[in-house]
Amino acid sequence: QRIVFGKPLIYQPVIRQKLAKMVEEVESVYHWVEFITYQMTQMSHREQALKLAGPISLLKQYCTDVSYRISDCACQIFGGRAVTKTGMGKYIEKFQRSIKYGSILGGASEVMGDLGVKMAAKSFPKRAKL
């Protein structure tokens with residue numbers, strides 16, 4: 001419904017690029033979740049704890065980062081409507097308002113990133129020079 005420079009918003013290349021980036025990031029999260037879920041179905045609980053704790057932590061950090069970026073892009077696209085609690089922008093406003101919970105409830109993003117790297121480092125060869 002938004003008209004910018006005499007054209008519907010979707011005709012603006014910058015908007016199409018934002019939408020493409022949003023789709024790209026959501027798809028990457030989806031496929032990463034599917035990949036880890038498949039691995040979980042093929043492993044015992046012990047193997048999952050040893051091999052998947054790190055990747056799951058990194059995935060959680062990535063999901064949070066992607067959520068922030070998508071929330072920001074959606075807010076930019078919706079403009080002033082994205083900050084209203086009614087109408088078309090109510091979902092964007094609610095997403096913007098609640099986005100921080102994802103980061104806090106499962107562990108801070110920095111903690112998740114650190115855990116992911118620590119778990120990966122455990123499997124490095126003893127002579128690795130890092």
# chains A, B, ... in the order shown; residues from 1 in each chain; ligands from 1
>>> closest_atom_pairs(of="segment 54-130 of chain A", to="segment 47-50 of chain A", cutoff="10 Å", atoms="only C-alpha atoms", output="JSON lines")
{"residue": "A:Gly54", "atom": "CA", "partner": "A:Leu50", "partner_atom": "CA", "distance": 8.3}
{"residue": "A:Ile56", "atom": "CA", "partner": "A:Gln48", "partner_atom": "CA", "distance": 9.9}
{"residue": "A:Met119", "atom": "CA", "partner": "A:Leu50", "partner_atom": "CA", "distance": 8.1}
{"residue": "A:Ala120", "atom": "CA", "partner": "A:Leu50", "partner_atom": "CA", "distance": 9.9}
{"residue": "A:Lys122", "atom": "CA", "partner": "A:Leu50", "partner_atom": "CA", "distance": 9.8}
{"residue": "A:Ser123", "atom": "CA", "partner": "A:Leu50", "partner_atom": "CA", "distance": 9.8}
>>> write_last_selection(atoms="C-alpha atoms", output="PDB file, in the first residue's frame")
ATOM      1  CA  GLY A  54      28.750 -26.400  20.158  1.00  0.00           C
ATOM      2  CA  ILE A  56      23.560 -25.740  18.670  1.00  0.00           C
ATOM      3  CA  MET A 119      33.326 -27.075  22.207  1.00  0.00           C
ATOM      4  CA  ALA A 120      34.971 -27.024  18.784  1.00  0.00           C
ATOM      5  CA  LYS A 122      38.093 -29.476  22.463  1.00  0.00           C
ATOM      6  CA  SER A 123      38.343 -31.629  19.360  1.00  0.00           C
TER       7      SER A 123
END
>>> residues_around(residues="segment 109-118 of chain A", least_positions_apart="4", cutoff="9 Å", atoms="only C-alpha atoms", output="PyMOL selection string")
chain A and resi 53-62+64-65+103-104+122
>>> write_last_selection(atoms="C-alpha atoms", output="compact mmCIF listing (two decimals), in the first residue's frame")
# COMPACT_ATOMS: atom_id res chain seq x y z
CA ALA A 53 26.34 -28.72 21.99
CA GLY A 54 28.75 -26.40 20.16
CA PRO A 55 26.86 -26.23 16.86
CA ILE A 56 23.56 -25.74 18.67
CA SER A 57 25.07 -22.85 20.64
CA LEU A 58 26.35 -21.25 17.44
CA LEU A 59 22.98 -21.79 15.77
CA LYS A 60 21.23 -20.10 18.69
CA GLN A 61 23.58 -17.12 18.40
CA TYR A 62 23.03 -16.96 14.64
CA THR A 64 19.29 -14.24 17.42
CA ASP A 65 21.48 -12.18 15.08
CA SER A 103 18.75 -13.57 23.27
CA ILE A 104 18.19 -13.51 27.01
CA LYS A 122 38.09 -29.48 22.46
>>> closest_residue(among="A:Ala74, A:Cys63, A:Ile3, A:Leu9", to="Ser28 of chain A", atoms="only C-alpha atoms")
A:Cys63
>>> select_by_dssp(residues="chain A", states="helix (DSSP H, G or I)", output="PyMOL selection string")
chain A and resi 9-11+13-41+45-51+53-83+87-105+109-122
>>> atom_distance(atom1="atom CA of Val33 of chain A", atom2="atom CA of Tyr101 of chain A")
19.3 Å
>>> residues_around(residues="Arg81 of chain A", least_positions_apart="2", cutoff="12 Å", atoms="only C-alpha atoms", output="VMD selection string")
chain A and resid 1 to 2 74 to 79 83 to 94
>>> write_last_selection(atoms="N, CA, C and O atoms", output="tab-separated table (two decimals), in the first residue's frame")
chain	number	residue	atom	x	y	z
A	1	GLN	N	0.80	-1.20	0.00
A	1	GLN	CA	0.00	0.00	0.00
A	1	GLN	C	0.85	1.27	0.00
A	1	GLN	O	0.35	2.31	-0.37
A	2	ARG	N	2.10	1.16	0.42
A	2	ARG	CA	2.93	2.36	0.47
A	2	ARG	C	3.39	2.75	-0.93
A	2	ARG	O	3.82	1.92	-1.71
A	74	ALA	N	12.34	-5.23	8.45
A	74	ALA	CA	10.88	-5.15	8.42
A	74	ALA	C	10.41	-3.78	8.90
A	74	ALA	O	9.49	-3.19	8.33
A	75	CYS	N	11.06	-3.29	9.92
A	75	CYS	CA	10.72	-1.97	10.46
A	75	CYS	C	10.99	-0.89	9.41
A	75	CYS	O	10.17	0.02	9.22
A	76	GLN	N	12.10	-0.99	8.71
A	76	GLN	CA	12.43	-0.02	7.66
A	76	GLN	C	11.40	-0.07	6.54
A	76	GLN	O	10.97	0.95	6.02
A	77	ILE	N	11.02	-1.27	6.16
A	77	ILE	CA	10.07	-1.43	5.05
A	77	ILE	C	8.69	-0.89	5.44
A	77	ILE	O	8.04	-0.20	4.66
A	78	PHE	N	8.24	-1.18	6.64
A	78	PHE	CA	6.91	-0.75	7.08
A	78	PHE	C	6.86	0.71	7.50
A	78	PHE	O	5.79	1.29	7.61
A	79	GLY	N	8.02	1.29	7.74
A	79	GLY	CA	8.06	2.70	8.11
A	79	GLY	C	7.33	2.97	9.42
A	79	GLY	O	7.42	2.19	10.36
A	83	VAL	N	5.74	0.83	14.10
A	83	VAL	CA	5.81	1.17	15.52
A	83	VAL	C	4.43	1.37	16.13
A	83	VAL	O	4.30	1.88	17.23
A	84	THR	N	3.40	0.94	15.40
A	84	THR	CA	2.04	1.04	15.92
A	84	THR	C	1.58	-0.32	16.44
A	84	THR	O	2.00	-1.35	15.93
A	85	LYS	N	0.73	-0.31	17.44
A	85	LYS	CA	0.26	-1.56	18.04
A	85	LYS	C	-1.02	-2.07	17.39
A	85	LYS	O	-1.59	-3.06	17.83
A	86	THR	N	-1.46	-1.42	16.33
A	86	THR	CA	-2.67	-1.85	15.63
A	86	THR	C	-2.39	-1.84	14.13
A	86	THR	O	-1.35	-1.37	13.68
A	87	GLY	N	-3.31	-2.35	13.39
A	87	GLY	CA	-3.21	-2.32	11.94
A	87	GLY	C	-2.13	-3.24	11.40
A	87	GLY	O	-1.70	-4.19	12.04
A	88	MET	N	-1.66	-2.91	10.20
A	88	MET	CA	-0.70	-3.76	9.50
A	88	MET	C	0.64	-3.88	10.22
A	88	MET	O	1.32	-4.89	10.09
A	89	GLY	N	1.01	-2.88	10.97
A	89	GLY	CA	2.32	-2.90	11.61
A	89	GLY	C	2.36	-3.59	12.96
A	89	GLY	O	3.43	-3.73	13.55
A	90	LYS	N	1.22	-4.07	13.45
A	90	LYS	CA	1.20	-4.61	14.81
A	90	LYS	C	2.12	-5.82	14.98
A	90	LYS	O	2.71	-5.99	16.05
A	91	TYR	N	2.28	-6.62	13.95
A	91	TYR	CA	3.16	-7.80	14.07
A	91	TYR	C	4.63	-7.38	14.11
A	91	TYR	O	5.43	-7.97	14.84
A	92	ILE	N	4.97	-6.39	13.32
A	92	ILE	CA	6.35	-5.88	13.31
A	92	ILE	C	6.66	-5.24	14.66
A	92	ILE	O	7.71	-5.48	15.25
A	93	GLU	N	5.73	-4.45	15.17
A	93	GLU	CA	5.94	-3.79	16.47
A	93	GLU	C	6.12	-4.83	17.57
A	93	GLU	O	7.02	-4.72	18.40
A	94	LYS	N	5.29	-5.86	17.56
A	94	LYS	CA	5.40	-6.91	18.59
A	94	LYS	C	6.72	-7.65	18.46
A	94	LYS	O	7.37	-7.97	19.46
>>> atom_distance(atom1="atom CA of Val14 of chain A", atom2="atom CA of Glu27 of chain A")
20.0 Å
>>> select_by_dssp(residues="chain A", states="strand (DSSP E)", output="list in words")
Ile3, Val4, Lys7 and Pro8 of chain A
>>> write_last_selection(atoms="N, CA, C and O atoms", output="short mmCIF file (atom, residue, chain, number, x, y, z; two decimals), in the first residue's frame")
data_model
loop_
_atom_site.label_atom_id
_atom_site.label_comp_id
_atom_site.auth_asym_id
_atom_site.auth_seq_id
_atom_site.Cartn_x
_atom_site.Cartn_y
_atom_site.Cartn_z
N ILE A 3 3.30 4.03 -1.20
CA ILE A 3 3.75 4.58 -2.48
C ILE A 3 4.98 5.44 -2.19
O ILE A 3 4.94 6.33 -1.34
N VAL A 4 6.07 5.15 -2.89
CA VAL A 4 7.31 5.90 -2.71
C VAL A 4 7.78 6.35 -4.09
O VAL A 4 7.91 5.53 -5.00
N LYS A 7 5.60 5.19 -6.99
CA LYS A 7 5.46 3.77 -7.31
C LYS A 7 5.22 2.97 -6.02
O LYS A 7 5.66 3.38 -4.95
N PRO A 8 4.56 1.80 -6.16
CA PRO A 8 4.43 0.93 -4.99
C PRO A 8 5.82 0.55 -4.47
O PRO A 8 6.79 0.45 -5.23
#
>>> decode(residues="segment 78-91 of chain A", atoms="all heavy atoms", output="mmCIF file, in the first residue's frame")
data_model
loop_
_atom_site.group_PDB
_atom_site.id
_atom_site.type_symbol
_atom_site.label_atom_id
_atom_site.label_comp_id
_atom_site.auth_asym_id
_atom_site.auth_seq_id
_atom_site.Cartn_x
_atom_site.Cartn_y
_atom_site.Cartn_z
ATOM 1 N N PHE A 78 8.242 -1.177 6.640
ATOM 2 C CA PHE A 78 6.915 -0.747 7.080
ATOM 3 C C PHE A 78 6.864 0.714 7.497
ATOM 4 O O PHE A 78 5.794 1.286 7.614
ATOM 5 C CB PHE A 78 6.415 -1.637 8.224
ATOM 6 C CG PHE A 78 5.668 -2.842 7.759
ATOM 7 C CD1 PHE A 78 6.323 -3.878 7.128
ATOM 8 C CD2 PHE A 78 4.298 -2.939 7.950
ATOM 9 C CE1 PHE A 78 5.638 -4.996 6.694
ATOM 10 C CE2 PHE A 78 3.597 -4.054 7.516
ATOM 11 C CZ PHE A 78 4.276 -5.087 6.887
ATOM 12 N N GLY A 79 8.020 1.295 7.738
ATOM 13 C CA GLY A 79 8.059 2.704 8.111
ATOM 14 C C GLY A 79 7.333 2.965 9.422
ATOM 15 O O GLY A 79 7.422 2.188 10.359
ATOM 16 N N GLY A 80 6.585 4.043 9.477
ATOM 17 C CA GLY A 80 5.877 4.437 10.689
ATOM 18 C C GLY A 80 4.868 3.410 11.168
ATOM 19 O O GLY A 80 4.569 3.325 12.362
ATOM 20 N N ARG A 81 4.354 2.615 10.256
ATOM 21 C CA ARG A 81 3.389 1.584 10.653
ATOM 22 C C ARG A 81 4.020 0.528 11.548
ATOM 23 O O ARG A 81 3.337 -0.152 12.302
ATOM 24 C CB ARG A 81 2.809 0.895 9.421
ATOM 25 C CG ARG A 81 1.888 1.767 8.638
ATOM 26 C CD ARG A 81 1.344 1.019 7.460
ATOM 27 N NE ARG A 81 0.414 1.862 6.718
ATOM 28 C CZ ARG A 81 -0.024 1.558 5.522
ATOM 29 N NH1 ARG A 81 0.367 0.459 4.932
ATOM 30 N NH2 ARG A 81 -0.859 2.363 4.917
ATOM 31 N N ALA A 82 5.331 0.358 11.456
ATOM 32 C CA ALA A 82 6.029 -0.678 12.219
ATOM 33 C C ALA A 82 6.117 -0.368 13.701
ATOM 34 O O ALA A 82 6.533 -1.218 14.477
ATOM 35 C CB ALA A 82 7.434 -0.890 11.659
ATOM 36 N N VAL A 83 5.742 0.825 14.103
ATOM 37 C CA VAL A 83 5.812 1.175 15.520
ATOM 38 C C VAL A 83 4.426 1.372 16.130
ATOM 39 O O VAL A 83 4.305 1.877 17.231
ATOM 40 C CB VAL A 83 6.688 2.431 15.754
ATOM 41 C CG1 VAL A 83 8.131 2.138 15.388
ATOM 42 C CG2 VAL A 83 6.170 3.627 14.974
ATOM 43 N N THR A 84 3.395 0.938 15.402
ATOM 44 C CA THR A 84 2.037 1.045 15.924
ATOM 45 C C THR A 84 1.578 -0.319 16.444
ATOM 46 O O THR A 84 2.004 -1.354 15.926
ATOM 47 C CB THR A 84 1.053 1.524 14.842
ATOM 48 O OG1 THR A 84 1.048 0.573 13.774
ATOM 49 C CG2 THR A 84 1.440 2.889 14.312
ATOM 50 N N LYS A 85 0.732 -0.306 17.443
ATOM 51 C CA LYS A 85 0.264 -1.558 18.043
ATOM 52 C C LYS A 85 -1.022 -2.074 17.390
ATOM 53 O O LYS A 85 -1.588 -3.062 17.829
ATOM 54 C CB LYS A 85 0.047 -1.390 19.540
ATOM 55 C CG LYS A 85 1.341 -1.229 20.301
ATOM 56 C CD LYS A 85 1.112 -1.260 21.787
ATOM 57 C CE LYS A 85 2.454 -1.183 22.491
ATOM 58 N NZ LYS A 85 2.327 -1.392 23.926
ATOM 59 N N THR A 86 -1.462 -1.418 16.330
ATOM 60 C CA THR A 86 -2.666 -1.846 15.629
ATOM 61 C C THR A 86 -2.392 -1.838 14.133
ATOM 62 O O THR A 86 -1.349 -1.369 13.679
ATOM 63 C CB THR A 86 -3.847 -0.894 15.931
ATOM 64 O OG1 THR A 86 -3.486 0.432 15.517
ATOM 65 C CG2 THR A 86 -4.200 -0.890 17.411
ATOM 66 N N GLY A 87 -3.313 -2.353 13.393
ATOM 67 C CA GLY A 87 -3.207 -2.321 11.938
ATOM 68 C C GLY A 87 -2.126 -3.238 11.397
ATOM 69 O O GLY A 87 -1.701 -4.189 12.042
ATOM 70 N N MET A 88 -1.661 -2.913 10.196
ATOM 71 C CA MET A 88 -0.700 -3.756 9.498
ATOM 72 C C MET A 88 0.640 -3.883 10.217
ATOM 73 O O MET A 88 1.325 -4.887 10.087
ATOM 74 C CB MET A 88 -0.466 -3.216 8.086
ATOM 75 C CG MET A 88 -1.654 -3.363 7.186
ATOM 76 S SD MET A 88 -1.396 -2.610 5.571
ATOM 77 C CE MET A 88 0.028 -3.470 4.990
ATOM 78 N N GLY A 89 1.008 -2.880 10.972
ATOM 79 C CA GLY A 89 2.316 -2.900 11.614
ATOM 80 C C GLY A 89 2.361 -3.586 12.959
ATOM 81 O O GLY A 89 3.430 -3.732 13.546
ATOM 82 N N LYS A 90 1.223 -4.068 13.454
ATOM 83 C CA LYS A 90 1.199 -4.615 14.813
ATOM 84 C C LYS A 90 2.124 -5.817 14.985
ATOM 85 O O LYS A 90 2.713 -5.992 16.047
ATOM 86 C CB LYS A 90 -0.221 -4.961 15.239
ATOM 87 C CG LYS A 90 -0.853 -6.113 14.514
ATOM 88 C CD LYS A 90 -2.285 -6.324 14.989
ATOM 89 C CE LYS A 90 -2.950 -7.422 14.185
ATOM 90 N NZ LYS A 90 -4.361 -7.540 14.518
ATOM 91 N N TYR A 91 2.285 -6.621 13.951
ATOM 92 C CA TYR A 91 3.158 -7.797 14.067
ATOM 93 C C TYR A 91 4.632 -7.384 14.107
ATOM 94 O O TYR A 91 5.427 -7.966 14.840
ATOM 95 C CB TYR A 91 2.905 -8.773 12.919
ATOM 96 C CG TYR A 91 1.481 -9.242 12.882
ATOM 97 C CD1 TYR A 91 0.607 -8.790 11.900
ATOM 98 C CD2 TYR A 91 0.986 -10.113 13.854
ATOM 99 C CE1 TYR A 91 -0.715 -9.201 11.874
ATOM 100 C CE2 TYR A 91 -0.333 -10.533 13.833
ATOM 101 C CZ TYR A 91 -1.173 -10.073 12.848
ATOM 102 O OH TYR A 91 -2.479 -10.469 12.827
#
